[in-house]
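Chemist: First the structure, which I've put down as structure tokens, then a few questions once you've had a look.
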Amino acid sequence: MTHELHRLITAWLPSTSTVHLTALTIAQASVVLQLTATAPTTACPRCAVPSSSVHSRYGRHVTDLPWGALAVRIHLMVRKCLCRNASCARRIFTERLPEFVATYARKTTRLITTLRAMGVTLGGNAGARLAARLRRSTSASPLLCLVRTAPVLATPAPQAIGVDEWAWRRGHRYGTILVDLETHRVVDLLPDRSAASVAAWLAQHPTITVICRDRSDLYADGICRGAPAAVQVVDRCHLVQNLRQALEAWLLGRRPALQAAAAGTAMARTQADGPLPAVSMYRGRRQGPKPAELREETARPPRHARWVAIYEAVHTLRAQEMPLATIARRLGISRPTVYAYLRRDTPPGPRRFHWRPSARVLTPYLPDLIRRWRDTQADSRQLWREIQALGYTHSARTVCRFITRLRRAADAGHPPESQGSPYTRPQGPAARAVSFAMVSPAVKRSLEAQTYVDQRCQVDTGIARAHALSQAFLAMVREGRGEDLEAWLAEATHSGIDELARFAHGLQEDLSAVKAGLTLAWSHGVTEGQVHRLKLVKRQGYGRAGFALLRQRVLQAA
Ligand SMILES: [Zn+2]
């Protein structure tokens with residue numbers, strides 16, 4: 001071996017000062033390095049007194065990081081020494097090289113660090129696959145074992161944290177996540193969502209002075225018990241979300257008014273005669289409700305009751321042998337819903353997840369379709385051929401169904417454009433859609449939503465009042481004007497809108513934390529981001545990872 005090569009290999013070794021390279025052999029697919037420990041003295045693991053009295057030598061076989069395609073095996077000669085400390089119970093001990101290889105380990109420390117990082121980032125199976133690609137052959141369970149035994153990272157004690165829930169299984173089992181709002185790192189995961197566990201955790205972390213949370217009583221209670229001196233901050237997004245829920249609950253009781261307004265908006269929309277909107281035949285995909293909404297399931301029976309009534313009607317009409325399409329039309333629901341309800345033996349429960357509308361193949365062609373239909377009154381077969389030329393590959397039946405709807409709506413006095421927007425459809429927008437429009441800034445509303453809200457406010461003093469209150473609340477949230485909160489609460493309480501008065505009452509009960517949320521700059525966004533990341537890690541484990549493993553993976557990943 002040339003001198004340069006020897007130096008190069010020595011420099012590549014970990015802890016070069018304590019080991020010496022004596023030989024190197026290359027076998028078929030691996031390199032074998034012979035190393036000897038060279039430190040002049042070595043400390044007794046029991047009493048830490050250094051000793052240089054060598055009793056014997058013995059060899060350890062360990063694996064190190066590969067060199068490209070070559071696996072690296074190390075034959076490490078270490079010494080056994082005599083402990084000369086008379087008061088020590090240990091007679092003979094083996095020399096340890098902790099920075100090189102841990103006691104009893106069969107892999108070097110740096111190889112273990114690499115494998116652990118793979119396990120933390122990718123989980124067991126994917127980590128093992130990557131390791132195999134990189135010639136660090138291992139399997140899933142040892143990799144997960146490395147993740148489980150990873151040492152706790154030393155991080156500065158947190159001052160400001162965010163606390164939120166995360167779902168083990170949506171609607172069934174929840175845990176708690178605690179995030180440092182300054183470093184954006186996850187500080188800890190708790191296996192449950194309870195005031196007691198949050199209180200116990202906070203009691204062990206006395207440095208925390210600010211805690212950002214949602215509006216649940218549960219965390220408020222836990223914080224009061226565990227960190228009574230800490231400033232509680234209610235997250236602004238949760239406040240707006242709760243306001244929206246209150247508005248939705250109120251609007252659900254006013255469906256006929258929403259419906260009546262749609263026709264007016266459709267007319268106004270046509271008179272404006274702007275360019276054709278990028279319309280969609282179906283309502284956009286709705287997100288499943290967030291956990292916070294789930295807990296308030298009991299607070300929204302109106303919507304559920306409506307679906308139970310529809311379910312009963314579907315079965316009654318079907319028993320009278322009415323065709324499916326007629327049932328759908330008469331009840332104002334989609335045919336897939338009719339099918340789904342006929343398959344059921346019991347009325348639907350409160351809905352947790354919404355069906356995703358399936359066919360949206362027509363969406364990109366709707367503007368052309370509507371324009372051509374209006375200009376030429378061509379039949380659906382002709383229109384189908386025209387959009388086929390534009391790239392449409394699906395059935396003529398879908399086109400036909402849509403054109404029939406257009407024709408029927410036009411006969412009823414609703415212009416074709418009105419088919420596109422929930423605000424202009426004959427059945428009117430969902431209470432949910434209107435509530436979202438009311439809590440969004442005017443500049444972010446669609447033309448239809450804006451027209452709709454404007455018209456409603458002109459003719460309906462209740463909606464005008466609710467809208468003004470919502471917008472005032474949003475402005476307060478946006479501009480951080482916590483000092484205006486009490487005036488707003490008084491106004492909402494006397495607005496005559498029960499749902500808003502109840503919302504205001506809830507805020508009143510949690511006044512200092514809500515005010516802090518409106519005044520201080522702390523944001524819950526970091527915590528919610530970490531909850532999303534946690535979901536990803538959880539899914540990587542295909543729901544099989546236990547809490548301990550999940551916690552390690554979340555905490556170890558920076
Ligand atoms: Zn000793």
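Naming scheme: A, B, ... for chains in displayed order of the structure tokens; residues 1 onward per chain; ligands 1 onward as shown.
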Ligand 1: which residues are within 12 Å, counting only C-alpha atoms and all ligand atoms, as a PyMOL selection string?
Modeler: chain A and resi 42-51+81-95
Chemist: Give me, as a PyMOL selection string, all polymer residues having an atom no more than 12 Å from segment 552-557 of chain A, counting only C-alpha atoms and skipping those fewer than 3 positions away in the same chain.
Modeler: chain A and resi 113+116-124+143-155+177-180+184-190+530-538+540-541+545-549
Chemist: Mind pulling up the distance from atom CA of Val434 of chain A to atom CA of Leu251 of chain A?
Modeler: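 Between atom CA of Leu251 of chain A and atom CA of Val434 of chain A the gap works out to 8.0 Å.
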Chemist: Can you work out the spacing between atom CA of His494 of chain A and atom CA of Gly462 of chain A in Å, to one decimal?
Modeler: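 Between atom CA of His494 of chain A and atom CA of Gly462 of chain A the gap is 12.4 Å.
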Chemist: Looking at A:Leu115, A:Cys237, A:Ala475, A:Leu447, which one is nearest to Gly525 of chain A, with distances taken over only C-alpha atoms?
Modeler: A:Cys237
Chemist: Nearest to Tyr311 of chain A among A:Asp217, A:Glu509, A:Glu499, A:Asp345, with distances taken over only C-alpha atoms: which residue is it?
Modeler: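 Ranking A:Asp217, A:Glu509, A:Glu499, A:Asp345 by distance to Tyr311 of chain A, first place goes to A:Asp345.
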Chemist: So how many Å separate atom CA of Leu317 of chain A and atom CA of Thr346 of chain A, to one decimal?
Modeler: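 It comes out at 16.0 Å.
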Chemist: Which is closest to Leu489 of chain A among A:Val514, A:Ala464, A:Gly391, A:Pro66, if we use only C-alpha atoms?
Modeler: A:Val514
Chemist: Please provide the set of residues having any atom within 8 Å of Ile387 of chain A, restricted to only C-alpha atoms, with same-chain residues fewer than 5 positions apart removed, written as a list of chain:residue names.
Modeler: A:Tyr365, A:Asp368, A:Leu369, A:Tyr392
Chemist: Those selected residues, please, written with all heavy atoms and delivered as a CSV table (one decimal), in the first residue's frame.
Modeler:
chain,number,residue,atom,x,y,z
A,365,TYR,N,-65.1,21.6,-20.6
A,365,TYR,CA,-65.7,21.9,-21.9
A,365,TYR,C,-67.0,22.7,-21.6
A,365,TYR,O,-67.7,23.1,-22.6
A,365,TYR,CB,-66.1,20.6,-22.6
A,365,TYR,CG,-64.9,19.7,-22.8
A,365,TYR,CD1,-64.6,18.7,-22.0
A,365,TYR,CD2,-63.9,20.0,-23.8
A,365,TYR,CE1,-63.5,17.9,-22.1
A,365,TYR,CE2,-62.7,19.3,-23.9
A,365,TYR,CZ,-62.6,18.2,-23.0
A,365,TYR,OH,-61.4,17.4,-23.2
A,368,ASP,N,-67.5,26.2,-23.5
A,368,ASP,CA,-67.8,26.0,-24.9
A,368,ASP,C,-69.2,25.5,-25.1
A,368,ASP,O,-69.9,25.9,-26.0
A,368,ASP,CB,-66.7,25.1,-25.5
A,368,ASP,CG,-65.4,25.8,-25.7
A,368,ASP,OD1,-65.4,26.9,-26.3
A,368,ASP,OD2,-64.4,25.3,-25.2
A,369,LEU,N,-69.5,24.5,-24.3
A,369,LEU,CA,-70.7,23.8,-24.5
A,369,LEU,C,-71.9,24.8,-24.3
A,369,LEU,O,-72.8,24.8,-25.1
A,369,LEU,CB,-70.8,22.7,-23.4
A,369,LEU,CG,-71.6,21.4,-23.7
A,369,LEU,CD1,-71.1,20.8,-25.0
A,369,LEU,CD2,-71.3,20.4,-22.6
A,392,TYR,N,-62.6,16.0,-25.8
A,392,TYR,CA,-63.5,15.3,-24.9
A,392,TYR,C,-63.6,13.8,-25.3
A,392,TYR,O,-63.8,13.5,-26.5
A,392,TYR,CB,-64.9,15.9,-24.9
A,392,TYR,CG,-65.9,15.2,-24.1
A,392,TYR,CD1,-65.9,15.3,-22.7
A,392,TYR,CD2,-66.9,14.4,-24.6
A,392,TYR,CE1,-66.8,14.7,-21.9
A,392,TYR,CE2,-67.8,13.8,-23.9
A,392,TYR,CZ,-67.8,13.9,-22.5
A,392,TYR,OH,-68.7,13.3,-21.7
Chemist: From a backbone DSSP assignment, name each residue in segment 122-195 of chain A labelled helix (DSSP H, G or I), as a compact mmCIF listing (two decimals) with N, CA, C and O atoms, in the first residue's frame.
Modeler:
# COMPACT_ATOMS: atom_id res chain seq x y z
N LEU A 122 -38.19 7.57 6.68
CA LEU A 122 -39.02 6.76 5.78
C LEU A 122 -39.82 5.68 6.47
O LEU A 122 -40.68 5.06 5.85
N GLY A 124 -40.05 1.84 8.49
CA GLY A 124 -39.37 0.54 8.41
C GLY A 124 -39.19 0.03 6.99
O GLY A 124 -38.05 -0.09 6.50
N ASN A 125 -40.29 -0.21 6.29
CA ASN A 125 -40.16 -0.89 4.99
C ASN A 125 -39.47 -0.03 3.94
O ASN A 125 -38.54 -0.48 3.28
N ALA A 126 -39.92 1.22 3.83
CA ALA A 126 -39.31 2.09 2.82
C ALA A 126 -37.85 2.36 3.16
O ALA A 126 -36.98 2.39 2.28
N GLY A 127 -37.56 2.51 4.46
CA GLY A 127 -36.18 2.74 4.90
C GLY A 127 -35.30 1.55 4.54
O GLY A 127 -34.18 1.72 4.04
N ALA A 128 -35.82 0.34 4.75
CA ALA A 128 -35.03 -0.86 4.44
C ALA A 128 -34.78 -0.96 2.94
O ALA A 128 -33.71 -1.37 2.51
N ARG A 129 -35.79 -0.56 2.16
CA ARG A 129 -35.60 -0.60 0.70
C ARG A 129 -34.52 0.37 0.26
O ARG A 129 -33.65 0.03 -0.56
N LEU A 130 -34.55 1.58 0.83
CA LEU A 130 -33.52 2.56 0.48
C LEU A 130 -32.15 2.05 0.93
O LEU A 130 -31.16 2.14 0.20
N ALA A 131 -32.09 1.49 2.14
CA ALA A 131 -30.83 0.98 2.67
C ALA A 131 -30.27 -0.09 1.74
O ALA A 131 -29.07 -0.12 1.45
N ALA A 132 -31.14 -0.96 1.22
CA ALA A 132 -30.67 -2.02 0.32
C ALA A 132 -30.11 -1.39 -0.95
O ALA A 132 -29.06 -1.81 -1.45
N ARG A 133 -30.80 -0.36 -1.46
CA ARG A 133 -30.29 0.34 -2.65
C ARG A 133 -28.89 0.89 -2.41
O ARG A 133 -28.07 0.93 -3.30
N ALA A 140 -36.69 -4.21 7.92
CA ALA A 140 -37.53 -3.19 8.54
C ALA A 140 -37.43 -3.20 10.07
O ALA A 140 -37.28 -2.15 10.69
N SER A 141 -37.49 -4.38 10.67
CA SER A 141 -37.60 -4.35 12.14
C SER A 141 -36.34 -3.85 12.85
O SER A 141 -36.45 -3.09 13.81
N PRO A 142 -35.11 -4.23 12.40
CA PRO A 142 -33.95 -3.62 13.06
C PRO A 142 -33.91 -2.10 12.87
O PRO A 142 -33.49 -1.36 13.76
N LEU A 143 -34.39 -1.67 11.70
CA LEU A 143 -34.39 -0.23 11.43
C LEU A 143 -35.33 0.48 12.41
O LEU A 143 -35.00 1.52 12.98
N LEU A 144 -36.50 -0.11 12.61
CA LEU A 144 -37.46 0.48 13.54
C LEU A 144 -36.95 0.42 14.97
O LEU A 144 -37.21 1.31 15.78
N CYS A 145 -36.18 -0.65 15.24
CA CYS A 145 -35.59 -0.77 16.58
C CYS A 145 -34.61 0.40 16.80
O CYS A 145 -34.60 1.01 17.87
N LEU A 146 -33.86 0.74 15.76
CA LEU A 146 -32.94 1.88 15.88
C LEU A 146 -33.72 3.17 16.12
O LEU A 146 -33.29 4.03 16.89
N VAL A 147 -34.85 3.31 15.45
CA VAL A 147 -35.67 4.52 15.63
C VAL A 147 -36.19 4.57 17.07
O VAL A 147 -36.13 5.62 17.72
N ARG A 148 -36.66 3.42 17.56
CA ARG A 148 -37.22 3.40 18.92
C ARG A 148 -36.18 3.74 19.97
O ARG A 148 -36.48 4.37 20.96
N ALA A 195 -57.33 16.76 29.46
CA ALA A 195 -56.83 17.87 30.28
C ALA A 195 -55.76 17.36 31.23
O ALA A 195 -54.74 18.03 31.46
Chemist: Using only C-alpha atoms, which residue out of A:Ser216, A:Glu99, A:Val31, A:Ala160 lies closest to Ile74 of chain A?
Modeler: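 The closest residue to Ile74 of chain A is A:Val31.
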Chemist: Within 12 Å of Leu13 of chain A, counting only C-alpha atoms, which residues show up once you throw out same-chain ones fewer than 5 positions away? Write them as a list of chain:residue names, please.
Modeler: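 Listed by chain and then number, they are A:His6, A:Arg7, A:Leu8, A:Thr18, A:Val19, A:His20, A:Leu21, A:Leu33, A:Gln34, A:Leu35, A:Asp64, A:Leu65, A:Pro66, A:Trp67, A:Val72, A:Ile74, A:Glu99, A:Phe100, A:Val101, A:Thr108, A:Thr109, A:Arg110, A:Leu111.
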